[in-house]
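Source file: coords_11.csv. Holds: CSV, C-alpha atoms.
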chain,number,residue,atom,x,y,z
A,2,MET,CA,100.7,117.8,123.1
A,3,VAL,CA,100.3,115.9,119.8
A,4,ILE,CA,103.7,114.3,120.3
A,5,ARG,CA,102.9,113.3,123.9
A,6,GLY,CA,99.7,111.6,122.7
A,7,LEU,CA,101.6,109.8,119.9
A,8,VAL,CA,104.3,108.6,122.2
A,9,LEU,CA,101.6,107.0,124.5
A,10,LEU,CA,99.8,105.4,121.5
A,11,PHE,CA,103.0,104.0,120.0
A,12,GLY,CA,104.2,102.9,123.4
A,13,PHE,CA,101.1,100.9,124.0
A,14,GLN,CA,101.2,99.5,120.5
A,15,MET,CA,104.8,98.4,121.1
A,16,LEU,CA,103.9,96.9,124.5
A,17,GLY,CA,101.1,95.0,122.7
A,18,GLU,CA,103.6,93.7,120.1
A,19,PHE,CA,105.9,92.6,122.8
A,20,VAL,CA,103.2,90.7,124.6
A,21,SER,CA,101.9,89.1,121.4
A,22,ARG,CA,105.3,88.0,120.3
A,23,SER,CA,106.6,86.8,123.6
A,24,PHE,CA,103.5,84.6,124.2
A,25,GLY,CA,103.2,83.6,120.5
A,26,LEU,CA,99.6,84.8,120.4
A,27,VAL,CA,97.3,84.9,117.3
A,28,ILE,CA,95.9,88.2,118.5
A,29,PRO,CA,97.9,91.0,116.9
A,30,GLY,CA,100.0,93.4,119.0
A,31,SER,CA,97.8,96.4,118.1
A,32,VAL,CA,94.7,94.7,119.6
A,33,ILE,CA,96.6,93.8,122.8
A,34,GLY,CA,97.8,97.4,122.9
A,35,LEU,CA,94.2,98.5,122.6
A,36,MET,CA,93.2,96.3,125.6
A,37,LEU,CA,96.2,97.5,127.7
A,38,LEU,CA,95.5,101.1,127.0
A,39,PHE,CA,91.8,100.6,127.9
A,40,VAL,CA,92.6,98.8,131.1
A,41,THR,CA,95.3,101.3,132.2
A,42,PHE,CA,93.0,104.3,131.9
A,43,LEU,CA,90.2,102.6,133.8
A,44,PHE,CA,92.3,103.3,136.8
A,45,ILE,CA,94.0,106.6,136.0
A,46,PRO,CA,92.5,109.6,134.2
A,47,LEU,CA,92.9,109.7,130.5
A,48,PRO,CA,95.4,112.4,129.4
A,49,GLU,CA,94.0,115.2,127.2
A,50,SER,CA,96.9,114.6,124.7
A,51,VAL,CA,95.8,111.0,124.0
A,52,LYS,CA,92.2,112.2,123.5
A,53,VAL,CA,93.2,114.8,121.0
A,54,VAL,CA,95.4,112.5,118.9
A,55,SER,CA,93.0,109.6,119.0
A,56,ASP,CA,90.1,111.8,117.9
A,57,HIS,CA,92.0,112.9,114.8
A,58,LEU,CA,93.4,109.5,113.9
A,59,ILE,CA,90.0,107.8,114.2
A,60,ARG,CA,88.2,110.5,112.1
A,61,TYR,CA,90.6,109.7,109.2
A,62,LEU,CA,90.7,105.9,109.8
A,63,GLY,CA,89.9,105.4,106.2
A,64,VAL,CA,93.3,106.7,104.9
A,65,PHE,CA,94.9,103.7,106.4
A,66,PHE,CA,92.6,101.3,104.5
A,67,MET,CA,93.5,102.9,101.2
A,68,PRO,CA,96.5,100.6,100.3
A,69,ALA,CA,94.3,97.5,100.7
A,70,GLY,CA,91.5,99.2,98.7
A,71,VAL,CA,93.9,100.0,95.8
A,72,GLY,CA,95.0,96.3,96.0
A,73,LEU,CA,91.5,95.3,95.1
A,74,PHE,CA,92.1,96.6,91.6
A,75,TYR,CA,95.4,94.8,91.2
A,76,LEU,CA,94.5,91.3,92.2
A,77,PRO,CA,95.8,88.4,89.9
A,78,GLN,CA,93.8,87.9,86.8
A,79,GLU,CA,92.6,84.4,87.8
A,80,ILE,CA,91.0,85.8,90.9
A,81,LEU,CA,89.5,88.9,89.2
A,82,GLY,CA,88.0,86.4,86.7
A,83,GLN,CA,85.9,85.0,89.6
A,84,TRP,CA,84.2,88.3,90.3
A,85,PRO,CA,80.7,86.9,90.6
A,86,ALA,CA,81.8,84.8,93.5
A,87,LEU,CA,83.7,87.7,95.1
A,88,LEU,CA,80.8,90.0,94.7
A,89,ALA,CA,78.2,87.5,95.9
A,90,GLY,CA,80.2,86.7,99.0
A,91,MET,CA,80.8,90.3,99.9
A,92,VAL,CA,77.4,91.8,99.1
A,93,LEU,CA,74.9,89.0,99.7
A,94,GLY,CA,77.0,87.4,102.5
A,95,THR,CA,77.3,90.7,104.3
A,96,ALA,CA,73.6,91.6,103.9
A,97,VAL,CA,72.4,88.2,105.3
A,98,ALA,CA,74.8,88.4,108.2
A,99,ILE,CA,73.7,92.0,109.1
A,100,LEU,CA,70.0,91.0,108.8
A,101,ILE,CA,70.4,87.9,111.1
A,102,CYS,CA,72.5,89.8,113.7
A,103,ALA,CA,70.2,92.8,113.7
A,104,LEU,CA,67.1,90.6,114.3
A,105,LEU,CA,69.0,88.7,117.0
A,106,LEU,CA,70.0,91.8,118.8
A,107,LYS,CA,66.5,93.3,118.5
A,108,TRP,CA,65.0,90.2,119.9
A,109,MET,CA,67.5,89.9,122.8
A,110,THR,CA,67.2,93.5,123.9
A,111,LYS,CA,63.6,94.3,123.0
A,112,LEU,CA,64.6,97.8,122.0
B,18,MET,CA,104.2,107.8,78.6
B,19,THR,CA,107.8,108.8,79.4
B,20,PHE,CA,108.9,111.2,82.1
B,21,ASP,CA,112.0,113.2,83.1
B,22,PRO,CA,114.3,110.9,85.1
B,23,ALA,CA,114.0,113.0,88.2
B,24,ILE,CA,110.2,112.6,88.1
B,25,GLN,CA,110.6,108.9,87.5
B,26,GLU,CA,112.8,108.7,90.6
B,27,ILE,CA,110.4,110.5,92.7
B,28,LEU,CA,107.5,108.2,91.6
B,29,GLU,CA,109.5,105.3,93.1
B,30,THR,CA,110.0,106.8,96.6
B,31,PRO,CA,107.8,105.7,99.5
B,32,LEU,CA,107.1,109.5,99.9
B,33,PHE,CA,105.2,109.5,96.6
B,34,SER,CA,103.1,106.4,97.5
B,35,VAL,CA,102.1,108.1,100.7
B,36,PHE,CA,101.4,111.4,98.9
B,37,ILE,CA,99.1,109.9,96.3
B,38,THR,CA,97.3,107.9,99.0
B,39,LEU,CA,96.6,111.1,101.0
B,40,LEU,CA,95.7,113.0,97.8
B,41,GLY,CA,93.4,110.3,96.6
B,42,PHE,CA,91.7,110.1,100.0
B,43,GLN,CA,91.3,113.9,100.1
B,44,LEU,CA,89.8,114.0,96.7
B,45,GLY,CA,87.6,111.1,97.5
B,46,PHE,CA,86.5,112.9,100.7
B,47,MET,CA,85.7,116.0,98.8
B,48,ALA,CA,83.5,114.0,96.4
B,49,TYR,CA,81.9,112.3,99.4
B,50,GLU,CA,81.0,115.6,101.0
B,51,ARG,CA,79.8,116.9,97.6
B,52,VAL,CA,77.2,114.1,97.2
B,53,GLY,CA,76.0,114.6,100.8
B,54,ARG,CA,77.9,111.7,102.4
B,55,LYS,CA,76.4,108.9,100.4
B,56,VAL,CA,78.3,105.7,101.3
B,57,TRP,CA,78.6,104.6,97.7
B,58,MET,CA,80.9,107.5,97.3
B,59,HIS,CA,82.9,106.5,100.4
B,60,PRO,CA,86.3,108.2,100.4
B,61,VAL,CA,88.1,104.9,100.7
B,62,LEU,CA,86.3,103.5,97.7
B,63,ALA,CA,86.5,106.7,95.5
B,64,GLY,CA,90.1,107.4,96.7
B,65,SER,CA,91.3,103.8,96.0
B,66,PHE,CA,89.8,104.0,92.6
B,67,LEU,CA,91.6,107.3,91.8
B,68,VAL,CA,95.0,105.9,93.1
B,69,ALA,CA,94.5,102.7,91.1
B,70,GLY,CA,93.7,104.7,88.0
B,71,PHE,CA,96.8,106.9,88.5
B,72,ILE,CA,99.0,103.8,88.8
B,73,ALA,CA,97.3,102.4,85.6
B,74,ILE,CA,98.0,105.4,83.4
B,75,THR,CA,101.5,106.4,84.7
B,76,PRO,CA,104.7,104.4,84.5
B,77,MET,CA,104.4,103.8,88.2
B,78,GLU,CA,104.2,100.0,89.1
B,79,PHE,CA,101.6,98.6,91.6
B,80,GLU,CA,104.5,96.8,93.3
B,81,THR,CA,106.2,100.1,94.0
B,82,TYR,CA,103.0,101.6,95.4
B,83,LYS,CA,102.4,98.5,97.6
B,84,GLN,CA,105.9,98.7,99.1
B,85,GLY,CA,105.8,102.5,99.6
B,86,SER,CA,102.4,102.4,101.3
B,87,THR,CA,103.5,99.9,103.9
B,88,LEU,CA,104.2,102.9,106.0
B,89,LEU,CA,100.5,103.5,106.3
B,90,VAL,CA,99.7,99.9,106.9
B,91,TYR,CA,102.0,100.0,109.9
B,92,PHE,CA,100.2,103.1,111.2
B,93,LEU,CA,96.8,101.2,111.0
B,94,GLY,CA,98.0,99.3,114.1
B,95,THR,CA,98.5,102.6,116.0
B,96,VAL,CA,95.0,103.7,115.0
B,97,SER,CA,93.6,100.4,116.3
B,98,VAL,CA,95.2,101.2,119.6
B,99,ALA,CA,93.6,104.7,119.6
B,100,LEU,CA,90.2,103.0,119.4
B,101,ALA,CA,90.6,102.3,123.1
B,102,VAL,CA,89.9,106.0,123.8
B,103,PRO,CA,86.3,106.4,122.6
B,104,LEU,CA,85.7,103.0,124.2
B,105,ARG,CA,86.9,104.2,127.6
B,106,LEU,CA,85.0,107.5,127.3
B,107,GLU,CA,81.7,105.9,126.3
B,108,LEU,CA,81.9,102.9,128.6
B,109,LYS,CA,78.6,103.8,130.2
B,110,ALA,CA,76.8,103.3,126.9
B,111,LEU,CA,77.4,99.6,127.2
B,112,ARG,CA,75.4,99.3,130.5
B,113,GLY,CA,72.8,96.5,130.2
B,114,LEU,CA,74.1,95.4,126.8
B,115,VAL,CA,77.0,93.3,127.7
B,116,ILE,CA,75.3,89.9,127.4
B,117,PRO,CA,73.3,90.5,124.2
B,118,ALA,CA,76.3,92.2,122.6
B,119,SER,CA,78.6,89.3,123.5
B,120,LEU,CA,76.1,86.7,122.2
B,121,MET,CA,75.6,88.7,119.0
B,122,ILE,CA,79.3,89.0,118.3
B,123,ILE,CA,79.8,85.2,118.9
B,124,VAL,CA,77.0,84.4,116.5
B,125,ALA,CA,78.3,86.9,114.0
B,126,SER,CA,81.8,85.5,113.9
B,127,VAL,CA,80.3,82.2,112.9
B,128,ILE,CA,77.5,83.4,110.5
B,129,ALA,CA,79.5,86.1,108.7
B,130,PRO,CA,82.3,83.9,107.3
B,131,LEU,CA,79.8,81.1,106.6
B,132,SER,CA,77.3,83.2,104.7
B,133,ALA,CA,80.1,84.8,102.7
B,134,LEU,CA,81.6,81.4,102.0
B,135,GLY,CA,78.3,80.0,101.1
B,136,PHE,CA,77.4,82.7,98.5
B,137,ALA,CA,80.9,82.7,97.0
B,138,TRP,CA,80.7,78.9,96.7
B,139,LEU,CA,77.2,79.1,95.0
B,140,PHE,CA,78.7,81.5,92.5
B,141,GLY,CA,81.5,79.2,91.7
B,142,GLY,CA,84.4,80.5,93.7
B,143,ASP,CA,87.5,78.2,94.1
B,144,THR,CA,89.1,77.2,97.4
B,145,GLU,CA,91.5,80.2,97.4
B,146,ILE,CA,88.7,82.6,97.2
B,147,LEU,CA,86.6,80.8,99.8
B,148,VAL,CA,89.4,80.7,102.3
B,149,SER,CA,90.2,84.4,101.7
B,150,MET,CA,86.5,85.2,102.2
B,151,MET,CA,86.5,83.9,105.8
B,152,THR,CA,88.4,86.9,107.3
B,153,LYS,CA,86.1,89.5,105.7
B,154,THR,CA,84.5,90.9,108.8
B,155,VAL,CA,87.8,91.1,110.7
B,156,THR,CA,89.5,94.5,110.9
B,157,SER,CA,92.5,94.7,108.6
B,158,PRO,CA,95.4,94.5,111.1
B,159,MET,CA,93.9,91.4,112.5
B,160,ALA,CA,92.7,89.9,109.2
B,161,TYR,CA,96.3,90.0,108.0
B,162,GLY,CA,97.5,87.7,110.8
B,163,ILE,CA,94.5,85.4,110.6
B,164,ALA,CA,94.6,85.1,106.8
B,165,GLU,CA,98.2,84.1,107.0
B,166,SER,CA,97.6,81.4,109.6
B,167,ILE,CA,94.7,79.8,107.7
B,168,GLY,CA,96.4,80.0,104.3
B,169,GLY,CA,94.3,82.6,102.6
B,170,ILE,CA,95.8,85.0,100.1
B,171,VAL,CA,96.7,88.0,102.3
B,172,ALA,CA,96.3,90.6,99.5
B,173,LEU,CA,92.9,89.2,98.6
B,174,SER,CA,91.8,88.9,102.2
B,175,THR,CA,92.6,92.5,103.0
B,176,ALA,CA,91.0,93.8,99.8
B,177,ILE,CA,87.9,91.8,100.5
B,178,THR,CA,87.9,93.1,104.1
B,179,VAL,CA,87.9,96.7,103.0
B,180,PHE,CA,85.2,96.2,100.4
B,181,THR,CA,83.1,94.3,102.9
B,182,GLY,CA,83.4,97.3,105.3
B,183,VAL,CA,82.1,99.6,102.6
B,184,VAL,CA,79.2,97.2,101.7
B,185,GLY,CA,78.4,96.8,105.4
B,186,ALA,CA,78.4,100.6,106.0
B,187,LEU,CA,76.2,101.0,102.9
B,188,LEU,CA,73.7,98.2,103.6
B,189,GLY,CA,73.6,98.5,107.4
B,190,PRO,CA,71.5,101.7,107.9
B,191,PRO,CA,68.7,100.6,105.4
B,192,ILE,CA,68.6,97.1,107.1
B,193,PHE,CA,68.3,98.7,110.5
B,194,LYS,CA,65.4,100.8,109.3
B,195,TRP,CA,63.7,97.8,107.7
B,196,VAL,CA,63.8,95.7,110.8
B,197,GLY,CA,63.0,98.7,113.0
B,198,LEU,CA,66.3,98.9,115.0
B,199,SER,CA,66.5,102.5,115.9
B,200,ASP,CA,68.8,102.4,119.0
B,201,ASP,CA,72.2,104.0,118.1
B,202,ARG,CA,74.1,101.8,120.5
B,203,LEU,CA,72.8,98.6,118.9
B,204,GLN,CA,73.5,100.0,115.4
B,205,GLY,CA,77.1,100.8,116.5
B,206,LEU,CA,77.6,97.2,117.8
B,207,LEU,CA,76.3,95.8,114.5
B,208,LEU,CA,78.4,98.2,112.3
B,209,GLY,CA,81.6,97.4,114.2
B,210,THR,CA,81.0,93.7,114.2
B,211,LEU,CA,80.1,93.3,110.5
B,212,ALA,CA,81.7,96.3,108.8
B,213,HIS,CA,84.8,96.8,111.1
B,214,GLY,CA,86.7,100.1,110.5
B,215,VAL,CA,84.6,101.5,107.7
B,216,GLY,CA,81.5,100.7,109.8
B,217,THR,CA,83.1,102.4,112.7
B,218,MET,CA,83.7,105.6,110.7
B,219,ARG,CA,80.1,105.4,109.7
B,220,GLY,CA,79.1,104.9,113.3
B,221,PHE,CA,80.9,108.1,114.4
B,222,GLU,CA,78.8,110.0,111.8
B,223,ILE,CA,75.6,108.6,113.5
B,224,SER,CA,76.8,109.5,117.1
B,225,VAL,CA,79.9,109.4,119.3
B,226,ARG,CA,78.6,106.5,121.3
B,227,CYS,CA,77.5,104.7,118.2
B,228,GLY,CA,81.1,105.0,116.9
B,229,ALA,CA,82.6,104.1,120.2
B,230,LEU,CA,80.6,100.9,120.5
B,231,ALA,CA,81.4,100.1,116.9
B,232,GLY,CA,85.1,100.4,117.7
B,233,LEU,CA,84.6,98.1,120.7
B,234,SER,CA,82.7,95.4,118.9
B,235,MET,CA,85.2,95.6,116.0
B,236,GLY,CA,88.0,94.7,118.4
B,237,ILE,CA,86.1,91.9,120.1
B,238,THR,CA,84.9,90.4,116.8
B,239,GLY,CA,88.6,90.3,115.6
B,240,THR,CA,89.6,88.6,118.8
B,241,VAL,CA,86.8,86.0,118.8
B,242,SER,CA,87.4,85.4,115.1
B,243,ALA,CA,91.1,84.7,115.7
B,244,PHE,CA,89.9,81.7,117.7
B,245,VAL,CA,86.9,80.7,115.6
B,246,LEU,CA,88.3,80.9,112.1
B,247,PRO,CA,91.3,78.5,112.3
B,248,TYR,CA,88.9,75.9,113.8
B,249,MET,CA,86.2,76.5,111.1
B,250,HIS,CA,88.9,76.3,108.4
B,251,SER,CA,90.1,72.9,109.6
B,252,LEU,CA,86.5,71.6,109.7
B,253,LEU,CA,85.6,72.9,106.2
B,254,PHE,CA,88.7,72.4,104.1
Now that the file is in, can you turn its structure into structure tokens?
Amino acid sequence: MVIRGLVLLFGFQMLGEFVSRSFGLVIPGSVIGLMLLFVTFLFIPLPESVKVVSDHLIRYLGVFFMPAGVGLFYLPQEILGQWPALLAGMVLGTAVAILICALLLKWMTKL
Amino acid sequence: MTFDPAIQEILETPLFSVFITLLGFQLGFMAYERVGRKVWMHPVLAGSFLVAGFIAITPMEFETYKQGSTLLVYFLGTVSVALAVPLRLELKALRGLVIPASLMIIVASVIAPLSALGFAWLFGGDTEILVSMMTKTVTSPMAYGIAESIGGIVALSTAITVFTGVVGALLGPPIFKWVGLSDDRLQGLLLGTLAHGVGTMRGFEISVRCGALAGLSMGITGTVSAFVLPYMHSLLF
């Protein structure tokens, strides 16, 4: 069951890679794979195997971010030296963007 | 510190890189549960810190880790594909929200890089940092490709991206409360748009449909950004 689900996920990822490469698109293959999987199962019922595997993978999504997270500690010295700019961009920049978008969404939906 | 040659050899295999990543995440996850799921103890943050610390005190090189853990980075693409599933299952939740969600995502893909860029510039960041800042709200597998095409430092971009996700997941809920945004569908859309994968993880803790909509908006934000960012880059730099 797990293998069947993985075969389908890898298959769609590969299909996405193929489309992305053969048309020279900026959108990565995995995202095209996502769209193809989504569209395919709009028309046919979603197999239980894909549900089970996806559920587990998504729950532990964070594991796959770890290499990039570790990389944060090993950036070149001249970049780490600019930590106030990095921190300001990430913290203040993100806070302002969330605030603006939250207000916009609230105003548009009246919820 | 010196080690037995056999241990030294094992440290250099990709197997070991994957092992300490999983171990670091597991320990981070236990700490996260222990403090009652506070985002500042996010498993990605705590786990990365542990792994980085391990590399610092043992003879293992960061380069070795980076190459060994490529395996996991590849798998990130597969997990992105898996996000189609909750999206398909929770499609109903999007009813009546298509237009506001689309508009918000378009606005966000312009405002998020600009505000990050603006603050980094105010605090004296140089061009390399500013450019690498632009991809910060885009999910890692996509940020990778976009950063490459606009000439950011890929390692810096992906690190900034992950940290932004943690910051977004941390600041999101208090901001929602502050502005009185209580609908879990809207919270999901915002988390996915501005805090990509980490925000999506957070979303699934709020509710399944919150997480599903976060996954959806994460995918769309990445796609919109793939078009917006190269254009913005050519205007600004």
**Request:** Dig up all the protein and nucleic acid residues within 12 Å of (82.4, 100.2, 108.5) in the file frame, using all atoms listed in the file, and format them as a PyMOL selection string.
**Result:** (chain A and resi 62-63+66+95+99) or (chain B and resi 56+59+61-62+153-157+178-190+204-223+227-228+231-232+234-235)
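Comparing the minimum interatomic distances between Ala89 in chain A and each of B:Leu32, B:Leu100, B:Ile146, B:Leu139, counting only C-alpha atoms, we find that B:Leu139 sits nearest.
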**Request:** May I have the residues within 8 Å of range 2-5 of chain A as a list in words, using only C-alpha atoms and disregarding those fewer than 5 positions away in the same chain?
**Result:**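 Non-adjacent residues within range: Ser50, Val51, Val53 and Val54 of chain A.
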Can I get the residues of chain A within 10 Å of range 115-132 of chain B, each with the closest pair of atoms and their distance in Å to one decimal, using only C-alpha atoms, sorted chain first then ascending number, as CSV?
residue,atom,partner,partner_atom,distance
A:Ala89,CA,B:Ser132,CA,9.8
A:Gly90,CA,B:Ser132,CA,7.3
A:Met91,CA,B:Ser132,CA,9.3
A:Leu93,CA,B:Ser132,CA,8.0
A:Gly94,CA,B:Ser132,CA,4.8
A:Thr95,CA,B:Ala129,CA,6.7
A:Ala96,CA,B:Ser132,CA,9.2
A:Val97,CA,B:Ser132,CA,7.0
A:Ala98,CA,B:Ala129,CA,5.3
A:Ile99,CA,B:Ala129,CA,8.3
A:Ile101,CA,B:Ile128,CA,8.4
A:Cys102,CA,B:Met121,CA,6.2
A:Ala103,CA,B:Met121,CA,8.6
A:Leu104,CA,B:Met121,CA,9.9
A:Leu105,CA,B:Met121,CA,6.9
A:Leu106,CA,B:Met121,CA,6.4
A:Lys107,CA,B:Pro117,CA,9.3
A:Trp108,CA,B:Pro117,CA,9.4
A:Met109,CA,B:Pro117,CA,6.0
A:Thr110,CA,B:Pro117,CA,6.8
**Prompt:** So, counting only C-alpha atoms, which residue among B:Leu233, B:Leu108, B:Ala137, B:Ile37 is closest to chain A?
**Reply:**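 Result for the nearest residue to chain A: B:Ala137.
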**Request:** Kindly give the distance, in Å, that separates CA of Ile237 in chain B and CA of Ser251 in chain B, rounded to a single decimal.
**Result:**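 CA of Ser251 in chain B lies at a distance of 22.1 Å from CA of Ile237 in chain B.
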**Message:** Report, in Å to a single decimal, how far apart CA of Pro103 in chain B and CA of Gly25 in chain A are.
**Reply:**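 Result for CA of Gly25 in chain A versus CA of Pro103 in chain B: 28.5 Å, one decimal.
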**Best match for closeness to chain B among A:Phe24, A:Gln14, A:Leu81, A:Phe19, counting all atoms listed in the file** = A:Gln14
**Complete:** With distances taken over all atoms listed in the file, the candidate from B:Leu230, B:Val98, B:Met58, B:Ala48 nearest chain A is B:Val98
**Asked** Between CA of Tyr75 in chain A and CA of Phe79 in chain B, what is the distance, to one decimal in Å?
**Response** 7.3 Å
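Candidate residues B:Leu111, B:Phe66, B:Met249, B:Gly142 were compared for distance to Asp201 in chain B, and the nearest is B:Leu111, using only C-alpha atoms.
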**Message:** Need the shell around Leu173 in chain B: protein/DNA/RNA residues with any atom at most 8 Å away, counting only C-alpha atoms. Skip same-chain ones fewer than 4 positions apart. Format as a PyMOL selection string?
**Reply:** (chain A and resi 72-73+76) or (chain B and resi 146+149+169+177)
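Candidate residues A:Ala69, A:Leu47, A:Tyr61, A:Met15 were compared for distance to chain B, and the nearest is A:Ala69, using all atoms listed in the file.
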Residues near Thr38 in chain B, anyone? I mean within 10 Å using only C-alpha atoms, not counting same-chain ones fewer than 2 positions away, as a PDB file with C-alpha atoms, in the coordinates of the input.
ATOM      1  CA  VAL A  64      93.300 106.700 104.900  1.00  0.00           C
ATOM      2  CA  PHE A  65      94.900 103.700 106.400  1.00  0.00           C
ATOM      3  CA  PHE A  66      92.600 101.300 104.500  1.00  0.00           C
ATOM      4  CA  MET A  67      93.500 102.900 101.200  1.00  0.00           C
ATOM      5  CA  PRO A  68      96.500 100.600 100.300  1.00  0.00           C
ATOM      6  CA  VAL A  71      93.900 100.000  95.800  1.00  0.00           C
TER       7      VAL A  71
ATOM      8  CA  LEU B  32     107.100 109.500  99.900  1.00  0.00           C
ATOM      9  CA  PHE B  33     105.200 109.500  96.600  1.00  0.00           C
ATOM     10  CA  SER B  34     103.100 106.400  97.500  1.00  0.00           C
ATOM     11  CA  VAL B  35     102.100 108.100 100.700  1.00  0.00           C
ATOM     12  CA  PHE B  36     101.400 111.400  98.900  1.00  0.00           C
ATOM     13  CA  LEU B  40      95.700 113.000  97.800  1.00  0.00           C
ATOM     14  CA  GLY B  41      93.400 110.300  96.600  1.00  0.00           C
ATOM     15  CA  PHE B  42      91.700 110.100 100.000  1.00  0.00           C
ATOM     16  CA  GLN B  43      91.300 113.900 100.100  1.00  0.00           C
ATOM     17  CA  LEU B  44      89.800 114.000  96.700  1.00  0.00           C
ATOM     18  CA  VAL B  61      88.100 104.900 100.700  1.00  0.00           C
ATOM     19  CA  GLY B  64      90.100 107.400  96.700  1.00  0.00           C
ATOM     20  CA  SER B  65      91.300 103.800  96.000  1.00  0.00           C
ATOM     21  CA  LEU B  67      91.600 107.300  91.800  1.00  0.00           C
ATOM     22  CA  VAL B  68      95.000 105.900  93.100  1.00  0.00           C
ATOM     23  CA  ALA B  69      94.500 102.700  91.100  1.00  0.00           C
ATOM     24  CA  TYR B  82     103.000 101.600  95.400  1.00  0.00           C
ATOM     25  CA  SER B  86     102.400 102.400 101.300  1.00  0.00           C
ATOM     26  CA  LEU B  89     100.500 103.500 106.300  1.00  0.00           C
TER      27      LEU B  89
END
**Residues near range 29-33 of chain A, cut-off 6 Å, all atoms listed in the file, skip fewer than 3 positions along chain, as JSON, numbers by chain** = {"A": [14, 17, 18, 21, 36], "B": [94, 98, 159]}
Identify the residues around (89.8, 81.3, 95.4) within a radius of 12 Å, measuring from only C-alpha atoms in the coordinates stated by the file, and give them as a PDB file with C-alpha atoms, in the frame of the given file.
ATOM      1  CA  LEU A  76      94.500  91.300  92.200  1.00  0.00           C
ATOM      2  CA  PRO A  77      95.800  88.400  89.900  1.00  0.00           C
ATOM      3  CA  GLN A  78      93.800  87.900  86.800  1.00  0.00           C
ATOM      4  CA  GLU A  79      92.600  84.400  87.800  1.00  0.00           C
ATOM      5  CA  ILE A  80      91.000  85.800  90.900  1.00  0.00           C
ATOM      6  CA  LEU A  81      89.500  88.900  89.200  1.00  0.00           C
ATOM      7  CA  GLY A  82      88.000  86.400  86.700  1.00  0.00           C
ATOM      8  CA  GLN A  83      85.900  85.000  89.600  1.00  0.00           C
ATOM      9  CA  TRP A  84      84.200  88.300  90.300  1.00  0.00           C
ATOM     10  CA  PRO A  85      80.700  86.900  90.600  1.00  0.00           C
ATOM     11  CA  ALA A  86      81.800  84.800  93.500  1.00  0.00           C
ATOM     12  CA  LEU A  87      83.700  87.700  95.100  1.00  0.00           C
ATOM     13  CA  GLY A  90      80.200  86.700  99.000  1.00  0.00           C
TER      14      GLY A  90
ATOM     15  CA  LEU B 134      81.600  81.400 102.000  1.00  0.00           C
ATOM     16  CA  ALA B 137      80.900  82.700  97.000  1.00  0.00           C
ATOM     17  CA  TRP B 138      80.700  78.900  96.700  1.00  0.00           C
ATOM     18  CA  PHE B 140      78.700  81.500  92.500  1.00  0.00           C
ATOM     19  CA  GLY B 141      81.500  79.200  91.700  1.00  0.00           C
ATOM     20  CA  GLY B 142      84.400  80.500  93.700  1.00  0.00           C
ATOM     21  CA  ASP B 143      87.500  78.200  94.100  1.00  0.00           C
ATOM     22  CA  THR B 144      89.100  77.200  97.400  1.00  0.00           C
ATOM     23  CA  GLU B 145      91.500  80.200  97.400  1.00  0.00           C
ATOM     24  CA  ILE B 146      88.700  82.600  97.200  1.00  0.00           C
ATOM     25  CA  LEU B 147      86.600  80.800  99.800  1.00  0.00           C
ATOM     26  CA  VAL B 148      89.400  80.700 102.300  1.00  0.00           C
ATOM     27  CA  SER B 149      90.200  84.400 101.700  1.00  0.00           C
ATOM     28  CA  MET B 150      86.500  85.200 102.200  1.00  0.00           C
ATOM     29  CA  MET B 151      86.500  83.900 105.800  1.00  0.00           C
ATOM     30  CA  GLY B 168      96.400  80.000 104.300  1.00  0.00           C
ATOM     31  CA  GLY B 169      94.300  82.600 102.600  1.00  0.00           C
ATOM     32  CA  ILE B 170      95.800  85.000 100.100  1.00  0.00           C
ATOM     33  CA  VAL B 171      96.700  88.000 102.300  1.00  0.00           C
ATOM     34  CA  LEU B 173      92.900  89.200  98.600  1.00  0.00           C
ATOM     35  CA  SER B 174      91.800  88.900 102.200  1.00  0.00           C
ATOM     36  CA  ILE B 177      87.900  91.800 100.500  1.00  0.00           C
TER      37      ILE B 177
END
For the structure just given, write the atoms of range 41-63 of chain A, namely C-alpha atoms, as a compact mmCIF listing (two decimals), in the first residue's frame.
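Saved the output as out_2.txt:
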# COMPACT_ATOMS: atom_id res chain seq x y z
CA THR A 41 -6.11 13.79 -12.50
CA PHE A 42 -7.95 12.99 -9.28
CA LEU A 43 -10.64 15.54 -9.95
CA PHE A 44 -11.96 13.01 -12.45
CA ILE A 45 -11.13 9.65 -10.87
CA PRO A 46 -11.37 8.68 -7.18
CA LEU A 47 -8.23 9.21 -5.15
CA PRO A 48 -6.64 5.85 -4.18
CA GLU A 49 -6.37 5.16 -0.44
CA SER A 50 -2.64 4.40 -0.86
CA VAL A 51 -1.87 7.95 -2.01
CA LYS A 52 -3.91 9.36 0.89
CA VAL A 53 -1.99 7.29 3.46
CA VAL A 54 1.48 8.14 2.10
CA SER A 55 0.72 11.84 1.60
CA ASP A 56 -0.68 12.15 5.08
CA HIS A 57 2.58 10.87 6.59
CA LEU A 58 4.88 12.85 4.33
CA ILE A 59 3.09 16.13 4.96
CA ARG A 60 2.99 15.61 8.70
CA TYR A 61 6.79 15.46 8.71
CA LEU A 62 7.36 18.06 6.00
CA GLY A 63 9.83 19.81 8.31
